[in-house]
$ cat final-v1.cif   # mmCIF, C-alpha atoms and all ligand atoms
data_data
#
loop_
_atom_site.label_atom_id
_atom_site.label_comp_id
_atom_site.auth_asym_id
_atom_site.auth_seq_id
_atom_site.Cartn_x
_atom_site.Cartn_y
_atom_site.Cartn_z
CA MET A 1 -46.46 -1.38 -51.12
CA SER A 2 -42.81 -1.47 -50.12
CA LYS A 3 -41.60 -4.51 -48.33
CA ARG A 4 -40.27 -3.57 -44.91
CA SER A 5 -38.76 -5.43 -42.05
CA ARG A 6 -38.29 -3.75 -38.73
CA LEU A 7 -35.95 -4.18 -35.85
CA ASP A 8 -36.88 -2.37 -32.68
CA PHE A 9 -34.44 -1.66 -29.92
CA LYS A 10 -34.04 0.66 -27.01
CA PRO A 11 -30.60 2.13 -26.29
CA THR A 12 -29.88 1.90 -22.57
CA HIS A 13 -27.84 5.07 -22.43
CA TYR A 14 -30.95 7.18 -23.05
CA ARG A 15 -33.40 5.14 -20.99
CA ALA A 16 -35.91 6.96 -23.16
CA SER A 17 -39.62 6.24 -23.22
CA HIS A 18 -39.46 6.04 -27.02
CA TRP A 19 -38.43 2.95 -28.89
CA TYR A 20 -36.00 3.44 -31.70
CA THR A 21 -36.66 1.74 -34.98
CA LEU A 22 -34.17 0.46 -37.48
CA LYS A 23 -35.86 -0.62 -40.67
CA VAL A 24 -34.99 -2.02 -44.04
CA PHE A 25 -36.58 0.15 -46.67
CA ASN A 26 -36.08 -0.41 -50.40
CA GLY A 27 -33.20 -2.73 -49.68
CA ARG A 28 -31.20 -0.44 -47.39
CA TRP A 29 -30.93 0.00 -43.65
CA VAL A 30 -32.46 3.26 -42.51
CA PHE A 31 -32.59 4.80 -39.04
CA SER A 32 -35.47 7.10 -39.80
CA SER A 33 -36.19 9.72 -37.16
CA SER A 34 -39.72 9.99 -38.59
CA LEU A 35 -40.39 6.55 -37.15
CA LEU A 36 -39.10 7.51 -33.76
CA HIS A 37 -42.25 9.30 -32.82
CA GLY A 38 -44.83 8.07 -35.24
CA SER A 39 -46.30 11.02 -37.09
CA GLY A 40 -43.92 13.98 -37.15
CA HIS A 41 -40.47 14.40 -38.55
CA ARG A 42 -38.30 15.01 -35.58
CA LEU A 43 -37.16 12.86 -32.75
CA VAL A 44 -39.34 13.68 -29.77
CA TRP A 45 -37.26 13.59 -26.64
CA SER A 46 -38.99 13.15 -23.36
CA GLY A 47 -38.23 12.55 -19.73
CA ILE A 48 -34.65 11.53 -19.12
CA ALA A 49 -33.88 11.73 -22.84
CA ARG A 50 -34.81 15.41 -22.81
CA ARG A 51 -32.51 16.03 -19.86
CA ALA A 52 -29.77 14.11 -21.66
CA ALA A 53 -30.37 16.27 -24.71
CA ALA A 54 -30.02 19.36 -22.54
CA LYS A 55 -26.60 18.07 -21.54
CA GLY A 56 -25.54 17.97 -25.16
CA ILE A 57 -25.96 14.30 -25.98
CA HIS A 58 -28.60 15.11 -28.57
CA GLY A 59 -26.21 17.53 -30.23
CA LEU A 60 -23.65 14.75 -30.47
CA ILE A 61 -25.82 11.77 -31.39
CA ASP A 62 -28.30 13.30 -33.83
CA PRO A 63 -25.72 14.39 -36.45
CA LEU A 64 -24.00 11.01 -36.09
CA LEU A 65 -27.24 9.15 -36.79
CA THR A 66 -27.91 11.39 -39.75
CA LEU A 67 -24.41 10.72 -40.98
CA VAL A 68 -24.57 6.97 -40.67
CA PHE A 69 -28.18 6.30 -41.57
CA PRO A 70 -29.43 8.54 -44.38
CA GLU A 71 -33.00 9.77 -44.04
CA ASP A 72 -35.48 10.69 -46.72
CA CYS A 73 -35.39 14.21 -48.17
CA ARG A 74 -37.22 16.47 -45.74
CA ILE A 75 -38.81 18.40 -48.56
CA CYS A 76 -39.86 15.95 -51.29
CA GLY A 77 -39.55 12.67 -49.38
CA ALA A 78 -37.24 11.04 -51.94
CA SER A 79 -34.70 8.56 -50.57
CA LEU A 80 -31.32 10.17 -50.10
CA LYS A 81 -28.90 8.13 -52.18
CA THR A 82 -25.75 9.42 -50.56
CA ILE A 83 -24.73 9.82 -46.97
CA SER A 84 -24.91 13.51 -46.13
CA ARG A 85 -25.31 15.69 -43.07
CA VAL A 86 -27.85 17.73 -45.05
CA PRO A 87 -31.21 15.90 -45.02
CA VAL A 88 -32.37 17.41 -48.31
CA CYS A 89 -31.84 15.91 -51.76
CA ASP A 90 -29.72 17.61 -54.43
CA ARG A 91 -32.77 18.30 -56.57
CA CYS A 92 -34.51 20.27 -53.79
CA LEU A 93 -31.28 22.06 -52.88
CA SER A 94 -30.77 23.20 -56.45
CA GLU A 95 -34.42 24.11 -57.09
CA PRO A 96 -34.52 27.73 -55.77
CA GLN A 97 -33.92 30.20 -58.56
CA PRO A 98 -32.47 33.70 -58.17
CA LEU A 99 -35.03 36.46 -57.90
CA CYS A 100 -35.35 38.22 -61.24
CA ALA A 101 -37.42 41.37 -61.45
CA GLU A 102 -38.00 43.65 -64.37
CA TYR A 103 -38.53 46.52 -61.95
CA ALA A 104 -36.44 46.73 -58.80
CA CYS A 105 -35.06 49.55 -56.68
CA SER A 106 -31.53 50.34 -57.82
CA ALA A 107 -30.37 50.64 -54.20
CA CYS A 108 -32.23 48.09 -52.06
CA ARG A 109 -33.23 45.76 -54.94
CA MET A 110 -36.82 45.56 -53.73
CA PRO A 111 -38.82 44.13 -56.68
CA PHE A 112 -41.93 45.91 -57.93
CA VAL A 113 -44.66 45.02 -60.42
CA SER A 114 -44.17 48.28 -62.32
CA ALA A 115 -41.78 51.22 -62.51
CA PHE A 116 -44.36 53.44 -60.81
CA PRO A 117 -42.82 53.41 -57.26
CA LEU A 118 -39.33 54.18 -58.61
CA ASP A 119 -37.95 57.68 -59.14
CA GLU A 120 -35.85 58.82 -62.11
CA THR A 121 -32.71 57.36 -60.50
CA GLY A 122 -34.47 54.02 -60.00
CA ARG A 123 -34.79 54.30 -56.23
CA CYS A 124 -37.83 53.31 -54.15
CA SER A 125 -39.44 55.78 -51.75
CA LEU A 126 -37.68 54.32 -48.67
CA CYS A 127 -34.26 54.70 -50.29
CA ARG A 128 -35.16 58.16 -51.60
CA LEU A 129 -36.05 59.26 -48.07
CA GLY A 130 -32.81 57.77 -46.72
CA LEU A 131 -34.72 55.41 -44.43
CA LEU A 132 -32.89 52.20 -45.26
CA ASN A 133 -29.39 53.36 -44.27
CA PHE A 134 -27.60 50.56 -46.12
CA ASP A 135 -25.70 50.90 -49.37
CA ALA A 136 -26.46 47.65 -51.18
CA VAL A 137 -28.47 44.45 -50.87
CA TYR A 138 -27.42 41.01 -52.01
CA SER A 139 -30.14 38.39 -51.63
CA TYR A 140 -30.69 35.24 -53.59
CA GLY A 141 -34.34 34.40 -54.21
CA SER A 142 -37.96 35.00 -53.35
CA TYR A 143 -39.05 33.96 -49.90
CA ALA A 144 -41.43 31.37 -51.27
CA GLY A 145 -41.63 27.71 -52.28
CA THR A 146 -38.64 25.47 -51.65
CA LEU A 147 -36.38 28.34 -50.57
CA ARG A 148 -38.85 29.29 -47.84
CA THR A 149 -39.03 25.66 -46.71
CA LEU A 150 -35.22 25.46 -46.58
CA VAL A 151 -35.05 28.60 -44.43
CA HIS A 152 -37.74 27.16 -42.15
CA LEU A 153 -35.83 23.89 -41.77
CA LEU A 154 -32.74 25.85 -40.73
CA LYS A 155 -34.53 28.25 -38.46
CA PHE A 156 -37.42 26.41 -36.87
CA GLU A 157 -36.35 22.75 -37.23
CA LYS A 158 -32.79 23.54 -36.17
CA MET A 159 -31.15 21.89 -39.18
CA HIS A 160 -27.87 23.74 -38.75
CA THR A 161 -26.23 21.84 -41.58
CA LEU A 162 -28.39 23.79 -44.05
CA ALA A 163 -26.42 26.95 -43.19
CA ARG A 164 -23.71 25.89 -45.62
CA PRO A 165 -25.81 25.41 -48.77
CA LEU A 166 -27.95 28.46 -47.94
CA SER A 167 -24.90 30.67 -47.38
CA GLY A 168 -23.64 29.31 -50.70
CA LEU A 169 -26.67 30.95 -52.35
CA ILE A 170 -25.75 34.30 -50.75
CA LEU A 171 -22.14 33.93 -51.89
CA ARG A 172 -23.32 33.54 -55.48
CA MET A 173 -24.79 37.05 -55.29
CA LEU A 174 -21.77 38.81 -53.74
CA PRO A 175 -19.65 40.64 -56.31
CA ARG A 176 -16.14 39.23 -56.25
CA GLU A 177 -14.51 42.65 -56.23
CA GLN A 178 -16.20 43.64 -52.97
CA ARG A 179 -14.04 43.76 -49.85
CA PHE A 180 -15.60 43.52 -46.40
CA ASP A 181 -13.71 44.17 -43.18
CA PHE A 182 -16.33 42.46 -41.05
CA ILE A 183 -19.23 40.06 -41.54
CA VAL A 184 -21.85 41.06 -38.95
CA PRO A 185 -24.90 38.88 -38.19
CA VAL A 186 -28.21 40.55 -37.33
CA PRO A 187 -28.50 39.70 -33.63
CA LEU A 188 -31.41 38.12 -31.83
CA HIS A 189 -32.49 39.36 -28.44
CA TRP A 190 -30.75 37.20 -25.83
CA TRP A 191 -34.09 35.74 -24.69
CA ARG A 192 -35.09 34.75 -28.25
CA ARG A 193 -31.63 33.27 -28.79
CA LYS A 194 -31.94 31.26 -25.58
CA GLN A 195 -35.38 29.98 -26.63
CA ARG A 196 -34.20 28.98 -30.10
CA GLY A 197 -30.76 27.83 -28.97
CA PHE A 198 -28.97 29.57 -31.82
CA ASN A 199 -29.11 32.53 -34.16
CA GLN A 200 -29.60 31.48 -37.78
CA SER A 201 -27.95 34.69 -39.02
CA GLU A 202 -24.83 33.82 -37.03
CA LEU A 203 -24.67 30.39 -38.67
CA LEU A 204 -24.93 31.98 -42.12
CA ALA A 205 -22.39 34.71 -41.24
CA LYS A 206 -19.90 32.10 -40.01
CA GLU A 207 -20.11 30.18 -43.29
CA ILE A 208 -19.78 33.37 -45.36
CA GLY A 209 -16.88 34.63 -43.25
CA ALA A 210 -15.00 31.36 -43.69
CA ARG A 211 -15.50 31.30 -47.45
CA TRP A 212 -15.04 35.05 -48.04
CA ASN A 213 -12.00 35.10 -45.74
CA ALA A 214 -13.37 37.89 -43.59
CA PRO A 215 -13.78 37.90 -39.79
CA VAL A 216 -17.23 37.54 -38.26
CA ALA A 217 -17.83 40.35 -35.78
CA HIS A 218 -20.63 40.30 -33.22
CA ALA A 219 -20.70 44.08 -33.45
CA LEU A 220 -24.39 44.51 -32.68
CA ARG A 221 -26.56 43.72 -29.69
CA ARG A 222 -30.32 43.55 -29.66
CA VAL A 223 -31.12 45.36 -26.46
CA ARG A 224 -34.88 45.34 -26.68
CA ALA A 225 -37.19 42.46 -27.50
CA THR A 226 -39.63 43.83 -30.04
CA THR A 227 -43.18 42.84 -30.75
CA PRO A 228 -43.64 40.84 -33.98
CA GLN A 229 -43.41 42.99 -37.10
CA THR A 230 -46.02 41.04 -39.03
CA GLY A 231 -48.88 43.18 -40.26
CA LEU A 232 -47.23 46.48 -39.33
CA THR A 233 -46.77 49.28 -41.83
CA ASN A 234 -43.24 50.39 -42.68
CA ALA A 235 -43.54 53.40 -40.36
CA LYS A 236 -44.80 51.24 -37.49
CA ARG A 237 -42.02 48.71 -38.10
CA ARG A 238 -39.45 51.49 -37.83
CA ALA A 239 -41.06 52.77 -34.62
CA ASN A 240 -41.17 49.22 -33.25
CA LEU A 241 -37.44 48.78 -33.85
CA ARG A 242 -36.34 52.19 -32.59
CA GLY A 243 -33.58 51.69 -30.04
CA ALA A 244 -33.73 47.90 -30.45
CA PHE A 245 -30.08 47.60 -31.55
CA GLN A 246 -26.83 48.93 -30.11
CA THR A 247 -23.16 48.54 -30.89
CA ALA A 248 -21.59 45.82 -28.77
CA SER A 249 -19.28 47.43 -26.20
CA LYS A 250 -16.16 45.89 -27.79
CA PHE A 251 -16.96 47.71 -31.03
CA ALA A 252 -18.22 50.97 -29.54
CA LYS A 253 -14.96 52.92 -29.53
CA GLY A 254 -13.77 53.39 -33.07
CA ALA A 255 -13.34 49.72 -33.99
CA LEU A 256 -15.78 50.16 -36.89
CA GLN A 257 -14.40 53.50 -38.12
CA ASP A 258 -14.23 53.61 -41.94
CA THR A 259 -14.95 49.88 -42.24
CA ARG A 260 -16.92 48.10 -44.93
CA ILE A 261 -19.46 45.76 -43.37
CA LEU A 262 -21.56 42.91 -44.71
CA LEU A 263 -24.65 42.59 -42.51
CA VAL A 264 -26.12 39.08 -42.70
CA ASP A 265 -29.77 38.14 -42.12
CA ASP A 266 -31.76 35.07 -43.17
CA VAL A 267 -34.68 36.88 -44.80
CA ILE A 268 -35.35 40.49 -45.73
CA THR A 269 -39.01 41.38 -45.43
CA THR A 270 -39.36 45.15 -45.68
CA GLY A 271 -35.73 45.85 -44.79
CA THR A 272 -36.56 47.72 -41.58
CA SER A 273 -34.53 45.40 -39.30
CA ALA A 274 -31.52 45.66 -41.60
CA ALA A 275 -32.06 49.42 -41.80
CA ALA A 276 -32.08 49.74 -38.01
CA CYS A 277 -28.85 47.70 -37.78
CA ALA A 278 -27.22 49.67 -40.60
CA ALA A 279 -28.06 52.96 -38.86
CA VAL A 280 -26.28 51.79 -35.69
CA LEU A 281 -23.25 50.59 -37.67
CA LYS A 282 -23.05 53.88 -39.57
CA ARG A 283 -23.29 55.87 -36.33
CA ALA A 284 -20.38 53.77 -35.04
CA GLY A 285 -18.31 54.92 -38.03
CA ALA A 286 -18.88 52.27 -40.71
CA ALA A 287 -18.27 53.71 -44.16
CA HIS A 288 -20.26 51.12 -46.11
CA VAL A 289 -22.94 48.65 -45.01
CA ALA A 290 -24.22 46.04 -47.44
CA VAL A 291 -26.96 43.61 -46.49
CA ALA A 292 -26.89 39.94 -47.45
CA ALA A 293 -29.78 37.51 -47.07
CA VAL A 294 -30.84 34.13 -48.39
CA ALA A 295 -34.22 35.42 -49.48
CA ARG A 296 -36.46 38.42 -49.56
CA THR A 297 -40.21 38.73 -49.71
CA ASP A 298 -41.40 39.47 -53.20
CA ARG A 299 -44.36 41.82 -53.18
CA ARG A 300 -45.12 40.93 -56.75
CA LEU A 301 -46.13 37.43 -55.76
CA ASP A 302 -49.79 36.84 -55.24
CA LEU A 303 -49.12 35.82 -51.68
CA PRO A 304 -50.65 37.21 -48.52
CA ILE A 305 -47.15 38.26 -47.39
CA PHE A 306 -48.32 40.01 -44.28
CA ALA A 307 -50.51 37.08 -43.35
CA LEU A 308 -47.50 34.80 -42.98
CA SER A 309 -47.27 33.31 -39.54
CA THR A 310 -45.55 35.45 -36.95
CA ALA A 311 -42.85 32.86 -36.53
CA ALA A 312 -42.15 32.77 -40.22
CA ALA A 313 -41.63 36.49 -40.70
CA GLY A 314 -37.94 37.18 -41.14
CA GLY A 315 -38.27 40.79 -40.04
CA ASN A 316 -39.18 39.94 -36.50
CA SER A 317 -36.46 37.36 -35.98
ZN ZN B 1 -35.95 16.48 -52.19
ZN ZN B 2 -34.98 50.93 -52.31
#

$ encode --input "final-v1.cif" --output "structure tokens"
Amino acid sequence: MSKRSRLDFKPTHYRASHWYTLKVFNGRWVFSSSLLHGSGHRLVWSGIARRAAAKGIHGLIDPLLTLVFPEDCRICGASLKTISRVPVCDRCLSEPQPLCAEYACSACRMPFVSAFPLDETGRCSLCRLGLLNFDAVYSYGSYAGTLRTLVHLLKFEKMHTLARPLSGLILRMLPREQRFDFIVPVPLHWWRRKQRGFNQSELLAKEIGARWNAPVAHALRRVRATTPQTGLTNAKRRANLRGAFQTASKFAKGALQDTRILLVDDVITTGTSAAACAAVLKRAGAAHVAVAAVARTDRRLDLPIFALSTAAAGGNS
């Protein structure tokens, strides 16, 4: 059993009901947020602390604490040796492997267990019927294992600092010779964005834009909150998303004419959300729409893909 000593204190500026714990663990001082509330992994704010957080203090203090007092890796639990704003160890960050499939659609890169669903040009039925509307897909790995956990930490645990390493995975898949006039994030409905506090696709798009030297354009608006896509067939997903996206007014009058666009999402499930966005962008004049995502669901995996929790499904983000 590790030898620990603990020092408890209560910062007056929060007047929080929770005591903060500074401990010595394996010979180093650690301000572990997991100790702040006993069982979980995040600091639980309550009462006045919650109101303070709403005023932005949480946004200021939390990254500072993470910076000064390294936590344990949020995936494998190993002690983080170096001070980093990303609370995941290098081993876990480098674990996700690119998705390799012997059979994949030549257009949307959807992996298949056999060549049966592909036509003589290598396209899947959705691409053959022109239902996906986009011209190319660049995604890194399967939405499973560590990569899925990393996306969840970004999206549901609000670990914004993971946007950089995750966008780095997308950048590895983008062909260097490609030029994009705009990087466009898949938008969230304003109510969903307000609930979550951010749009994970925007965070990824910002990182990609900065490193690809292309402007991020909020060219799309989600005008209709849709019911969760989980468990729906492709046709029902398309019907569910019909009319859900529009061009933002600033981009409605010719601003997208003949442009090449990289549409960014966190996860591609069936591609119907990206297809709905791509259709709107093409109607607004875009000449080429490529889709980029950290991960995509891999139907070859023996996973109950459509039984994933509603919150976890990328397609209903
Ligand atoms: Zn780890
Ligand atoms: Zn396809």

$ residues_near_ligand --input "final-v1.cif" --ligand "ligand ZN 1 (chain B)" --cutoff "7 Å" --atoms "only C-alpha atoms and all ligand atoms" --output "PDB file with C-alpha atoms, keeping the file's coordinate frame"
ATOM      1  CA  CYS A  73     -35.390  14.210 -48.170  1.00  0.00           C
ATOM      2  CA  ARG A  74     -37.220  16.470 -45.740  1.00  0.00           C
ATOM      3  CA  ILE A  75     -38.810  18.400 -48.560  1.00  0.00           C
ATOM      4  CA  CYS A  76     -39.860  15.950 -51.290  1.00  0.00           C
ATOM      5  CA  GLY A  77     -39.550  12.670 -49.380  1.00  0.00           C
ATOM      6  CA  ALA A  78     -37.240  11.040 -51.940  1.00  0.00           C
ATOM      7  CA  VAL A  88     -32.370  17.410 -48.310  1.00  0.00           C
ATOM      8  CA  CYS A  89     -31.840  15.910 -51.760  1.00  0.00           C
ATOM      9  CA  ASP A  90     -29.720  17.610 -54.430  1.00  0.00           C
ATOM     10  CA  ARG A  91     -32.770  18.300 -56.570  1.00  0.00           C
ATOM     11  CA  CYS A  92     -34.510  20.270 -53.790  1.00  0.00           C
TER      12      CYS A  92
END

$ residues_near_ligand --input "final-v1.cif" --ligand "ligand ZN 2 (chain B)" --cutoff "6 Å" --atoms "all atoms listed in the file" --output "ChimeraX atom specification"
/A:105,107-108,110,123-124,126-127

$ residues_around --input "final-v1.cif" --residues "His288 in chain A" --least-positions-apart "5" --cutoff "8 Å" --atoms "only C-alpha atoms" --output "PyMOL selection string"
chain A and resi 134-135+258-261+282

$ atom_distance --input "final-v1.cif" --atom1 "CA of Ile83 in chain A" --atom2 "CA of Leu150 in chain A"
18.8 Å

$ atom_distance --input "final-v1.cif" --atom1 "CA of Leu256 in chain A" --atom2 "CA of Gly285 in chain A"
5.5 Å

$ residues_around --input "final-v1.cif" --residues "Leu203 in chain A" --least-positions-apart "4" --cutoff "7 Å" --atoms "only C-alpha atoms" --output "PyMOL selection string"
chain A and resi 163+199+207

$ atom_distance --input "final-v1.cif" --atom1 "CA of Leu171 in chain A" --atom2 "CA of Pro215 in chain A"
15.2 Å

$ residues_near_point --input "final-v1.cif" --point "(-32.8, 30.6, -36.2)" --cutoff "9 Å" --atoms "all atoms listed in the file" --output "compact mmCIF listing (two decimals) with C-alpha atoms, in the coordinates of the input"
# COMPACT_ATOMS: atom_id res chain seq x y z
CA VAL A 151 -35.05 28.60 -44.43
CA HIS A 152 -37.74 27.16 -42.15
CA LEU A 154 -32.74 25.85 -40.73
CA LYS A 155 -34.53 28.25 -38.46
CA PHE A 156 -37.42 26.41 -36.87
CA GLU A 157 -36.35 22.75 -37.23
CA LYS A 158 -32.79 23.54 -36.17
CA HIS A 160 -27.87 23.74 -38.75
CA LEU A 188 -31.41 38.12 -31.83
CA ARG A 193 -31.63 33.27 -28.79
CA ARG A 196 -34.20 28.98 -30.10
CA GLY A 197 -30.76 27.83 -28.97
CA PHE A 198 -28.97 29.57 -31.82
CA ASN A 199 -29.11 32.53 -34.16
CA GLN A 200 -29.60 31.48 -37.78
CA SER A 201 -27.95 34.69 -39.02
CA GLU A 202 -24.83 33.82 -37.03
CA LEU A 203 -24.67 30.39 -38.67
CA ASP A 266 -31.76 35.07 -43.17
CA SER A 317 -36.46 37.36 -35.98

$ residues_around --input "final-v1.cif" --residues "Arg221 in chain A" --least-positions-apart "6" --cutoff "10 Å" --atoms "all atoms listed in the file" --output "list in words"
Pro185, Val186, Pro187, Leu188, His189, Trp190, Ala244, Phe245, Gln246, Thr247, Ala248, Ser249 and Cys277 of chain A

$ axis_aligned_box --input "final-v1.cif" --around "range 258-265 of chain A" --padding-each-side "6 Å" --output "JSON"
{"center_x": -22.0, "center_y": 45.9, "center_z": -43.4, "size_x": 27.5, "size_y": 27.5, "size_z": 15.0}

$ residues_near_point --input "final-v1.cif" --point "(-35.9, 45.1, -28.0)" --cutoff "8 Å" --atoms "only C-alpha atoms" --output "ChimeraX atom specification"
/A:189,222-226,241,243-245
